[in-house]
$ cat input_5.txt   # compact mmCIF, C-alpha atoms
# COMPACT_ATOMS: atom_id res chain seq x y z
CA MET A 238 -19.90 -59.34 -14.45
CA ALA A 239 -22.57 -59.71 -11.79
CA ILE A 240 -24.94 -60.88 -14.56
CA GLN A 241 -22.54 -63.63 -15.54
CA LYS A 242 -22.49 -64.86 -11.93
CA ARG A 243 -26.28 -65.08 -11.84
CA LYS A 244 -26.28 -67.01 -15.14
CA ALA A 245 -23.76 -69.47 -13.79
CA VAL A 246 -25.82 -70.02 -10.63
CA THR A 247 -28.93 -70.52 -12.76
CA ARG A 248 -27.26 -73.22 -14.77
CA VAL A 249 -26.27 -75.02 -11.56
CA SER A 250 -29.76 -74.93 -10.09
CA ALA A 251 -31.50 -75.78 -13.37
CA ALA A 252 -29.52 -78.96 -13.88
CA GLY A 253 -31.08 -80.57 -10.84
CA SER A 254 -28.66 -83.48 -11.07
CA PRO A 255 -25.15 -83.68 -9.55
CA LEU A 256 -22.43 -82.14 -11.74
CA LYS A 257 -19.24 -83.83 -12.57
CA ARG A 258 -16.00 -82.75 -11.04
CA GLY A 259 -14.76 -81.24 -14.34
CA ALA A 260 -17.92 -79.14 -14.79
CA ARG A 261 -17.68 -77.94 -11.23
CA ALA A 262 -14.04 -77.00 -11.67
CA ALA A 263 -14.86 -75.13 -14.89
CA LEU A 264 -17.68 -73.29 -13.14
CA LYS A 265 -15.35 -72.30 -10.28
CA LYS A 266 -12.74 -71.03 -12.75
CA GLU A 267 -15.37 -69.02 -14.57
CA LEU A 268 -16.57 -67.44 -11.33
CA LYS A 269 -13.00 -66.62 -10.22
CA ALA A 270 -12.21 -65.09 -13.61
CA ALA A 271 -15.34 -62.94 -13.40
CA GLU A 272 -14.45 -61.77 -9.90
CA LYS A 273 -10.86 -61.06 -10.94
CA GLU A 274 -12.00 -59.02 -13.92
CA GLN A 275 -14.38 -57.02 -11.73
CA ASP A 276 -11.61 -56.34 -9.19
CA GLU A 277 -9.28 -55.15 -11.96
CA GLN A 278 -11.92 -52.75 -13.21
CA GLU A 279 -12.35 -51.35 -9.69
CA VAL A 280 -8.59 -50.97 -9.32
CA GLU A 281 -8.22 -49.22 -12.66
CA LYS A 282 -10.73 -46.49 -11.71
CA PRO A 283 -8.67 -44.34 -9.26
CA GLU A 284 -6.50 -42.55 -11.83
CA GLU A 285 -8.07 -39.15 -11.10
CA PRO A 286 -5.83 -38.28 -8.13
CA GLN A 287 -2.86 -38.20 -10.51
CA ASP A 288 -4.63 -35.51 -12.52
CA GLU A 289 -5.29 -33.60 -9.29
CA GLU A 290 -1.62 -33.83 -8.37
CA GLU A 291 -0.65 -32.48 -11.77
CA ALA A 292 -3.12 -29.62 -11.33
CA LYS A 293 -1.58 -28.87 -7.93
CA ASP A 294 1.89 -28.86 -9.46
CA GLU A 295 0.74 -26.40 -12.10
CA GLU A 296 -0.81 -24.16 -9.45
CA ASP A 297 2.41 -24.28 -7.42
CA GLN A 298 4.37 -23.29 -10.51
CA GLU A 299 2.01 -20.37 -11.12
CA GLU A 300 2.41 -19.26 -7.52
CA GLU A 301 6.18 -19.46 -7.82
CA GLU A 302 5.97 -17.35 -10.96
CA ASP A 303 3.87 -14.76 -9.13
CA ILE A 304 6.23 -14.68 -6.16
CA SER A 305 9.32 -14.29 -8.35
CA GLU A 306 8.09 -11.12 -10.07
CA GLU A 307 11.28 -9.27 -9.15
CA ASP A 308 13.38 -12.06 -10.63
CA ARG A 309 11.34 -11.89 -13.82
CA VAL A 310 11.91 -8.14 -14.08
CA THR A 311 15.61 -8.65 -13.46
CA GLN A 312 15.83 -11.25 -16.23
CA GLU A 313 13.98 -9.02 -18.67
CA GLU A 314 16.25 -6.13 -17.78
CA GLU A 315 19.34 -8.24 -18.41
CA GLN A 316 18.00 -9.38 -21.77
CA LEU A 317 17.20 -5.79 -22.76
CA GLN A 318 20.68 -4.63 -21.81
CA VAL A 319 22.34 -7.43 -23.78
CA ALA A 320 20.31 -6.62 -26.90
CA ARG A 321 20.83 -2.86 -26.46
CA ARG A 322 24.58 -3.27 -25.97
CA LYS A 323 24.85 -5.19 -29.26
CA GLU A 324 22.81 -2.50 -30.98
CA LEU A 325 24.98 0.34 -29.67
CA ARG A 326 28.19 -1.43 -30.58
CA ALA A 327 26.97 -1.89 -34.14
CA ILE A 328 26.35 1.83 -34.81
CA TYR A 329 28.90 4.45 -35.86
CA ILE A 330 30.73 6.52 -33.27
CA ASP A 331 29.10 9.77 -34.42
CA GLU A 332 25.62 8.38 -33.97
CA LEU A 333 26.61 7.04 -30.55
CA LYS A 334 27.84 10.49 -29.55
CA GLN A 335 24.51 12.00 -30.60
CA ILE A 336 22.63 9.50 -28.46
CA THR A 337 24.95 10.19 -25.54
CA THR A 338 24.60 13.96 -25.70
CA SER A 339 20.82 13.74 -26.19
CA LYS A 340 20.60 12.08 -22.79
CA GLY A 341 22.69 14.79 -21.12
CA LEU A 342 25.80 12.60 -20.84
CA GLU A 343 29.38 13.47 -21.66
CA THR A 344 31.12 11.93 -24.66
CA CYS A 345 34.18 9.77 -24.02
CA LYS A 346 35.45 6.39 -25.18
CA LYS A 347 33.01 4.20 -27.07
CA ASP A 348 32.76 1.48 -24.42
CA ASP A 349 32.33 4.07 -21.65
CA MET A 350 29.60 5.85 -23.61
CA ILE A 351 27.80 2.55 -24.20
CA GLU A 352 27.83 1.70 -20.51
CA ALA A 353 26.73 5.22 -19.59
CA VAL A 354 23.79 5.05 -22.04
CA LEU A 355 22.80 1.60 -20.77
CA ALA A 356 22.85 2.76 -17.15
CA PHE A 357 20.84 5.88 -18.01
CA GLU A 358 18.19 3.90 -19.90
CA ALA A 359 18.01 1.29 -17.13
CA LYS A 360 17.38 4.07 -14.60
CA GLU A 361 14.63 5.49 -16.82
CA ARG A 362 12.90 2.11 -16.94
CA ALA A 363 13.27 1.67 -13.17
CA ASP A 364 11.79 5.13 -12.57
CA ALA A 365 8.89 4.30 -14.90
CA ARG A 366 8.18 1.07 -12.98
CA ALA A 367 8.36 2.92 -9.66
CA HIS A 368 6.00 5.62 -10.95
CA LYS A 369 3.56 2.97 -12.12
CA ALA A 370 3.69 1.30 -8.72
CA LYS A 371 3.03 4.64 -6.99
CA LEU A 372 0.05 5.28 -9.26
CA ARG A 373 -1.43 1.94 -8.32
CA ALA A 374 -0.72 2.52 -4.63
CA VAL A 375 -2.46 5.92 -4.72
CA VAL A 376 -5.59 4.56 -6.42
CA VAL A 377 -5.73 1.50 -4.16
CA SER A 378 -5.35 3.73 -1.08
CA LYS A 379 -8.17 6.02 -2.19
CA LYS A 380 -10.40 3.06 -3.00
CA GLY A 381 -9.69 1.49 0.39
CA GLU A 382 -10.46 4.79 2.10
CA LEU A 383 -13.88 4.92 0.42
CA GLU A 384 -14.61 1.26 1.08
CA ALA A 385 -13.94 1.80 4.79
CA LEU A 386 -16.69 4.43 5.02
CA PRO A 387 -20.09 3.34 6.32
CA LEU A 388 -22.91 3.55 3.78
CA PRO A 389 -24.52 6.70 5.29
CA GLU A 390 -21.22 8.60 5.16
CA LEU A 391 -20.63 7.35 1.63
CA ARG A 392 -24.06 8.72 0.67
CA ASP A 393 -23.07 12.10 2.08
CA VAL A 394 -19.89 12.07 0.01
CA CYS A 395 -21.95 11.22 -3.08
CA ASN A 396 -24.31 14.12 -2.35
CA GLU A 397 -21.33 16.47 -2.05
CA HIS A 398 -20.17 15.36 -5.50
CA GLY A 399 -23.64 15.55 -7.00
CA ILE A 400 -24.09 11.80 -7.37
CA LYS A 401 -27.78 10.96 -7.05
CA GLY A 402 -29.93 7.87 -7.34
CA GLN A 403 -30.25 4.49 -5.69
CA LEU A 404 -26.80 2.97 -6.26
CA THR A 405 -24.89 0.11 -4.74
CA LYS A 406 -21.83 0.79 -2.64
CA HIS A 407 -19.55 -0.43 -5.42
CA ALA A 408 -21.22 1.87 -7.96
CA ARG A 409 -20.95 4.85 -5.60
CA ILE A 410 -17.25 4.24 -5.03
CA GLU A 411 -16.68 3.91 -8.76
CA GLN A 412 -18.44 7.21 -9.49
CA ILE A 413 -16.50 9.02 -6.74
CA LEU A 414 -13.19 7.66 -8.03
CA LYS A 415 -13.99 8.87 -11.56
CA LEU A 416 -14.75 12.38 -10.33
CA TRP A 417 -11.65 12.30 -8.12
CA GLN A 418 -9.53 11.34 -11.11
CA GLN A 419 -11.05 14.08 -13.28
CA ALA A 420 -10.20 16.61 -10.58
CA ASP A 421 -6.49 15.65 -10.81
CA GLY A 422 -6.77 13.67 -7.60
CA VAL A 423 -4.07 11.22 -8.71
CA ASP A 424 -1.54 13.97 -9.48
CA LYS A 425 -2.31 15.76 -6.23
CA ALA A 426 -1.88 12.55 -4.24
CA LEU A 427 1.43 11.85 -5.98
CA ALA A 428 2.63 15.38 -5.26
CA LYS A 429 1.73 14.99 -1.59
CA MET A 430 3.50 11.64 -1.47
CA ALA A 431 6.65 13.16 -2.97
CA CYS A 432 6.46 16.10 -0.55
CA ASP A 433 6.13 13.77 2.45
CA GLU A 434 9.06 11.66 1.27
CA ARG A 435 11.23 14.76 0.82
CA GLU A 436 10.25 16.05 4.26
CA GLN A 437 11.24 12.76 5.88
CA GLU A 438 14.53 12.83 3.97
CA LEU A 439 15.32 16.35 5.20
CA LEU A 440 14.36 15.50 8.77
CA GLY A 441 16.89 12.68 8.67
CA MET A 442 19.76 15.03 7.76
CA ASP A 443 22.00 16.82 10.27
CA LYS A 444 21.95 20.59 10.83
CA VAL A 445 25.17 21.25 8.93
CA ALA A 446 23.90 19.53 5.80
CA LEU A 447 20.56 21.34 6.06
CA ARG A 448 22.33 24.69 6.41
CA ARG A 449 24.36 23.96 3.28
CA LEU A 450 21.21 23.12 1.38
CA CYS A 451 19.62 26.37 2.53
CA GLU A 452 22.63 28.37 1.40
CA LYS A 453 22.66 26.57 -1.95
CA ALA A 454 18.96 27.23 -2.50
CA GLY A 455 19.21 30.83 -1.30
CA VAL A 456 16.96 30.20 1.70
CA ASP A 457 17.54 32.10 4.96
CA PRO A 458 17.58 29.48 7.74
CA LEU A 459 17.18 32.20 10.41
CA VAL A 460 13.50 32.92 9.95
CA LYS A 461 12.34 35.95 11.95
CA GLN A 462 8.98 34.47 12.94
CA VAL A 463 10.62 31.27 14.17
CA MET A 464 13.19 33.19 16.23
CA VAL A 465 10.52 35.40 17.80
CA GLU A 466 8.36 32.40 18.64
CA ARG A 467 11.24 30.57 20.27
CA LEU A 468 12.34 33.62 22.27
CA VAL A 469 8.83 34.18 23.59
CA ARG A 470 8.52 30.49 24.48
CA THR A 471 11.85 30.58 26.35
CA GLU A 472 10.96 33.72 28.27
CA ASN A 473 7.58 32.28 29.18
CA THR A 474 9.27 29.16 30.53
CA ALA A 475 11.61 31.35 32.57
CA GLY A 476 8.62 33.01 34.24
CA LYS A 477 8.94 36.50 32.75
CA PHE A 478 5.25 36.60 31.93
CA ALA A 479 4.05 35.42 35.35
CA ARG A 480 1.38 37.45 37.12
CA PRO A 481 2.93 40.15 39.34
CA THR A 482 2.42 39.95 43.10
CA ILE A 483 0.02 42.59 44.44
CA ALA A 484 0.28 43.78 48.02
CA PRO A 485 -2.87 42.98 50.02
CA GLU A 486 -5.07 45.92 50.95
CA SER A 487 -5.95 46.61 54.54
CA THR A 488 -9.03 45.00 55.98
CA GLU A 489 -10.52 48.35 56.91
CA GLU A 490 -10.38 49.60 53.34
CA GLN A 491 -11.94 46.39 52.08
CA GLU A 492 -14.79 46.56 54.63
CA LYS A 493 -15.37 50.30 54.17
CA PRO A 494 -18.71 50.74 52.39
CA LYS A 495 -18.58 52.56 49.12
CA LYS A 496 -20.65 55.67 48.83
CA GLY A 497 -22.05 57.51 45.94
CA LYS A 498 -22.49 56.02 42.48
CA LYS A 499 -23.38 52.35 42.18
CA ALA A 500 -20.40 50.26 41.04
CA ASP A 501 -20.33 48.96 37.47
CA MET A 502 -20.73 45.21 36.94
CA VAL A 503 -17.34 44.90 35.20
CA ASP A 504 -15.57 46.83 37.95
CA ALA A 505 -17.26 44.69 40.57
CA LEU A 506 -16.17 41.51 38.85
CA LEU A 507 -12.59 42.75 38.50
CA GLU A 508 -12.49 43.74 42.14
CA ASN A 509 -13.90 40.38 43.16
CA GLU A 510 -11.28 38.59 41.00
CA SER A 511 -8.48 40.61 42.57
CA ARG A 512 -9.72 39.81 46.05
CA ARG A 513 -10.09 36.12 45.20
CA LYS A 514 -6.48 35.89 43.92
CA GLN A 515 -5.18 37.61 47.03
CA GLU A 516 -6.97 35.09 49.19
CA LEU A 517 -5.48 32.25 47.16
CA GLU A 518 -1.97 33.66 47.58
CA LEU A 519 -2.42 33.97 51.31
CA LYS A 520 -3.41 30.32 51.48

$ encode --input "input_5.txt" --output "structure tokens"
Amino acid sequence: MAIQKRKAVTRVSAAGSPLKRGARAALKKELKAAEKEQDEQEVEKPEEPQDEEEAKDEEDQEEEEDISEEDRVTQEEEQLQVARRKELRAIYIDELKQITTSKGLETCKKDDMIEAVLAFEAKERADARAHKAKLRAVVVSKKGELEALPLPELRDVCNEHGIKGQLTKHARIEQILKLWQQADGVDKALAKMACDEREQELLGMDKVALRRLCEKAGVDPLVKQVMVERLVRTENTAGKFARPTIAPESTEEQEKPKKGKKADMVDALLENESRRKQELELK
């Protein structure tokens, strides 16, 4: 459109003679139309922000989907239970009893057995999800522990595992994790996690409940070593093991020179220690 303006100006200058009012009006209209068309083209350009807003909306939706993971699991669980309930209601009572007994449940009315089977299977799925989450947590924890090590210490760990060569930190961590996994590191970490959880659970119980658990498991709560340790600790606190008071010897006996055989070094030290303690008591 800028070219058309230059052409119009050229025609005006080339004429050399005064233009008529009609020609001038037509030229002005042509210039205005060209400017208007150019402005419309410039206005029509900024349509990209709408696409950016749509992209943002899609990203927000994806984030909402990631945040609502628990809701998604709940919806899937409800759908599974609805489908499984229809399936169990459609089978014969004998087959339903077999399914019930195979899961260690008692047989009863059909509706009660269906609900019991559904609850049992839902618990199995929940336990499987929890186990999967624990597996991930164990591996992530071990990886984070290795990543927190400085490079020299990480090299030492690699040498202990027989990992040689010029490797990057990421490659070293990967090799260590593989060896750790092959050595049943995941199972050992899970066992320790379960042991710690059980210990915290028992520590939160009262003494009566713990005693009942001990009796049920056939464990003697009165451990001899524990009782002895506590008795000795109590007697020590009471001062039964304090150093006995020794009567001070007379000054003449202390200053009397010893004759005969030269005193042994150990005896001399013991005598010096005894004298030093007596002096401290007198102070």

$ closest_residue --input "input_5.txt" --among "A:Val377, A:Val460, A:Ala370, A:Ile413" --to "Leu391 (chain A)" --atoms "all atoms listed in the file"
A:Ile413

$ atom_distance --input "input_5.txt" --atom1 "CA of Lys360 (chain A)" --atom2 "CA of Val376 (chain A)"
24.4 Å

$ closest_residue --input "input_5.txt" --among "A:Arg409, A:Gly455, A:Ala363, A:Thr344" --to "Asn396 (chain A)" --atoms "all atoms listed in the file"
A:Arg409

$ residues_around --input "input_5.txt" --residues "Leu383 (chain A)" --least-positions-apart "5" --cutoff "12 Å" --atoms "all atoms listed in the file" --output "PyMOL selection string"
chain A and resi 376-378+388-395+406-414+417

$ atom_distance --input "input_5.txt" --atom1 "CA of Lys425 (chain A)" --atom2 "CA of Val375 (chain A)"
10.0 Å

$ residues_around --input "input_5.txt" --residues "Val423 (chain A)" --least-positions-apart "5" --cutoff "12 Å" --atoms "only C-alpha atoms" --output "list in words"
His368, Lys369, Lys371, Leu372, Arg373, Ala374, Val375, Val376, Val377, Ser378, Lys379, Lys380, Leu414, Lys415, Leu416, Trp417, Gln418, Ala428, Lys429 and Met430 of chain A

$ build_atoms --input "input_5.txt" --residues "region 308-319 of chain A" --atoms "all heavy atoms" --output "PDB file, in the coordinates of the input"
ATOM      1  N   ASP A 308      12.414 -11.308  -9.824  1.00  0.00           N
ATOM      2  CA  ASP A 308      13.380 -12.060 -10.630  1.00  0.00           C
ATOM      3  C   ASP A 308      13.037 -11.972 -12.109  1.00  0.00           C
ATOM      4  O   ASP A 308      13.932 -11.875 -12.957  1.00  0.00           O
ATOM      5  CB  ASP A 308      13.403 -13.525 -10.187  1.00  0.00           C
ATOM      6  CG  ASP A 308      13.899 -13.677  -8.761  1.00  0.00           C
ATOM      7  OD1 ASP A 308      14.608 -12.764  -8.295  1.00  0.00           O
ATOM      8  OD2 ASP A 308      13.577 -14.687  -8.118  1.00  0.00           O
ATOM      9  N   ARG A 309      11.745 -11.989 -12.407  1.00  0.00           N
ATOM     10  CA  ARG A 309      11.340 -11.890 -13.820  1.00  0.00           C
ATOM     11  C   ARG A 309      11.739 -10.536 -14.392  1.00  0.00           C
ATOM     12  O   ARG A 309      12.252 -10.447 -15.510  1.00  0.00           O
ATOM     13  CB  ARG A 309       9.830 -12.080 -13.926  1.00  0.00           C
ATOM     14  CG  ARG A 309       9.309 -12.075 -15.370  1.00  0.00           C
ATOM     15  CD  ARG A 309       7.800 -12.161 -15.395  1.00  0.00           C
ATOM     16  NE  ARG A 309       7.221 -10.987 -14.774  1.00  0.00           N
ATOM     17  CZ  ARG A 309       7.082  -9.813 -15.400  1.00  0.00           C
ATOM     18  NH1 ARG A 309       7.509  -9.661 -16.639  1.00  0.00           N
ATOM     19  NH2 ARG A 309       6.532  -8.801 -14.778  1.00  0.00           N
ATOM     20  N   VAL A 310      11.524  -9.473 -13.621  1.00  0.00           N
ATOM     21  CA  VAL A 310      11.910  -8.140 -14.080  1.00  0.00           C
ATOM     22  C   VAL A 310      13.423  -8.054 -14.266  1.00  0.00           C
ATOM     23  O   VAL A 310      13.913  -7.460 -15.238  1.00  0.00           O
ATOM     24  CB  VAL A 310      11.414  -7.071 -13.074  1.00  0.00           C
ATOM     25  CG1 VAL A 310      11.979  -5.696 -13.432  1.00  0.00           C
ATOM     26  CG2 VAL A 310       9.898  -7.031 -13.056  1.00  0.00           C
ATOM     27  N   THR A 311      14.152  -8.662 -13.349  1.00  0.00           N
ATOM     28  CA  THR A 311      15.610  -8.650 -13.460  1.00  0.00           C
ATOM     29  C   THR A 311      16.076  -9.376 -14.717  1.00  0.00           C
ATOM     30  O   THR A 311      16.976  -8.901 -15.435  1.00  0.00           O
ATOM     31  CB  THR A 311      16.232  -9.317 -12.222  1.00  0.00           C
ATOM     32  OG1 THR A 311      15.778  -8.634 -11.046  1.00  0.00           O
ATOM     33  CG2 THR A 311      17.748  -9.261 -12.279  1.00  0.00           C
ATOM     34  N   GLN A 312      15.475 -10.519 -15.013  1.00  0.00           N
ATOM     35  CA  GLN A 312      15.830 -11.250 -16.230  1.00  0.00           C
ATOM     36  C   GLN A 312      15.506 -10.456 -17.482  1.00  0.00           C
ATOM     37  O   GLN A 312      16.313 -10.390 -18.424  1.00  0.00           O
ATOM     38  CB  GLN A 312      15.103 -12.598 -16.249  1.00  0.00           C
ATOM     39  CG  GLN A 312      15.580 -13.573 -15.185  1.00  0.00           C
ATOM     40  CD  GLN A 312      14.796 -14.868 -15.188  1.00  0.00           C
ATOM     41  OE1 GLN A 312      13.871 -15.034 -15.989  1.00  0.00           O
ATOM     42  NE2 GLN A 312      15.134 -15.787 -14.293  1.00  0.00           N
ATOM     43  N   GLU A 313      14.333  -9.835 -17.510  1.00  0.00           N
ATOM     44  CA  GLU A 313      13.980  -9.020 -18.670  1.00  0.00           C
ATOM     45  C   GLU A 313      14.935  -7.851 -18.834  1.00  0.00           C
ATOM     46  O   GLU A 313      15.317  -7.507 -19.953  1.00  0.00           O
ATOM     47  CB  GLU A 313      12.545  -8.504 -18.514  1.00  0.00           C
ATOM     48  CG  GLU A 313      11.482  -9.580 -18.646  1.00  0.00           C
ATOM     49  CD  GLU A 313      10.083  -9.028 -18.510  1.00  0.00           C
ATOM     50  OE1 GLU A 313       9.965  -7.801 -18.239  1.00  0.00           O
ATOM     51  OE2 GLU A 313       9.108  -9.792 -18.668  1.00  0.00           O
ATOM     52  N   GLU A 314      15.322  -7.253 -17.718  1.00  0.00           N
ATOM     53  CA  GLU A 314      16.250  -6.130 -17.780  1.00  0.00           C
ATOM     54  C   GLU A 314      17.610  -6.575 -18.325  1.00  0.00           C
ATOM     55  O   GLU A 314      18.226  -5.872 -19.154  1.00  0.00           O
ATOM     56  CB  GLU A 314      16.411  -5.525 -16.383  1.00  0.00           C
ATOM     57  CG  GLU A 314      17.212  -4.237 -16.337  1.00  0.00           C
ATOM     58  CD  GLU A 314      16.525  -3.102 -17.057  1.00  0.00           C
ATOM     59  OE1 GLU A 314      15.278  -3.090 -17.138  1.00  0.00           O
ATOM     60  OE2 GLU A 314      17.260  -2.224 -17.563  1.00  0.00           O
ATOM     61  N   GLU A 315      18.066  -7.731 -17.892  1.00  0.00           N
ATOM     62  CA  GLU A 315      19.340  -8.240 -18.410  1.00  0.00           C
ATOM     63  C   GLU A 315      19.267  -8.517 -19.901  1.00  0.00           C
ATOM     64  O   GLU A 315      20.198  -8.202 -20.662  1.00  0.00           O
ATOM     65  CB  GLU A 315      19.729  -9.514 -17.649  1.00  0.00           C
ATOM     66  CG  GLU A 315      20.106  -9.259 -16.189  1.00  0.00           C
ATOM     67  CD  GLU A 315      20.388 -10.555 -15.450  1.00  0.00           C
ATOM     68  OE1 GLU A 315      20.178 -11.635 -16.064  1.00  0.00           O
ATOM     69  OE2 GLU A 315      20.801 -10.492 -14.278  1.00  0.00           O
ATOM     70  N   GLN A 316      18.164  -9.108 -20.345  1.00  0.00           N
ATOM     71  CA  GLN A 316      18.000  -9.380 -21.770  1.00  0.00           C
ATOM     72  C   GLN A 316      17.959  -8.084 -22.583  1.00  0.00           C
ATOM     73  O   GLN A 316      18.555  -7.994 -23.664  1.00  0.00           O
ATOM     74  CB  GLN A 316      16.719 -10.187 -21.996  1.00  0.00           C
ATOM     75  CG  GLN A 316      16.775 -11.595 -21.414  1.00  0.00           C
ATOM     76  CD  GLN A 316      15.450 -12.321 -21.523  1.00  0.00           C
ATOM     77  OE1 GLN A 316      14.468 -11.766 -22.033  1.00  0.00           O
ATOM     78  NE2 GLN A 316      15.395 -13.554 -21.037  1.00  0.00           N
ATOM     79  N   LEU A 317      17.261  -7.078 -22.069  1.00  0.00           N
ATOM     80  CA  LEU A 317      17.200  -5.790 -22.760  1.00  0.00           C
ATOM     81  C   LEU A 317      18.578  -5.148 -22.868  1.00  0.00           C
ATOM     82  O   LEU A 317      18.943  -4.598 -23.920  1.00  0.00           O
ATOM     83  CB  LEU A 317      16.239  -4.848 -22.033  1.00  0.00           C
ATOM     84  CG  LEU A 317      14.744  -5.121 -22.192  1.00  0.00           C
ATOM     85  CD1 LEU A 317      13.942  -4.226 -21.266  1.00  0.00           C
ATOM     86  CD2 LEU A 317      14.310  -4.897 -23.641  1.00  0.00           C
ATOM     87  N   GLN A 318      19.347  -5.236 -21.789  1.00  0.00           N
ATOM     88  CA  GLN A 318      20.680  -4.630 -21.810  1.00  0.00           C
ATOM     89  C   GLN A 318      21.612  -5.348 -22.773  1.00  0.00           C
ATOM     90  O   GLN A 318      22.414  -4.715 -23.463  1.00  0.00           O
ATOM     91  CB  GLN A 318      21.267  -4.618 -20.395  1.00  0.00           C
ATOM     92  CG  GLN A 318      20.603  -3.608 -19.468  1.00  0.00           C
ATOM     93  CD  GLN A 318      21.448  -3.301 -18.258  1.00  0.00           C
ATOM     94  OE1 GLN A 318      22.576  -3.778 -18.159  1.00  0.00           O
ATOM     95  NE2 GLN A 318      20.913  -2.505 -17.356  1.00  0.00           N
ATOM     96  N   VAL A 319      21.495  -6.671 -22.844  1.00  0.00           N
ATOM     97  CA  VAL A 319      22.340  -7.430 -23.780  1.00  0.00           C
ATOM     98  C   VAL A 319      22.014  -7.042 -25.216  1.00  0.00           C
ATOM     99  O   VAL A 319      22.920  -6.778 -26.043  1.00  0.00           O
ATOM    100  CB  VAL A 319      22.151  -8.944 -23.560  1.00  0.00           C
ATOM    101  CG1 VAL A 319      22.812  -9.735 -24.678  1.00  0.00           C
ATOM    102  CG2 VAL A 319      22.729  -9.359 -22.215  1.00  0.00           C
TER     103      VAL A 319
END
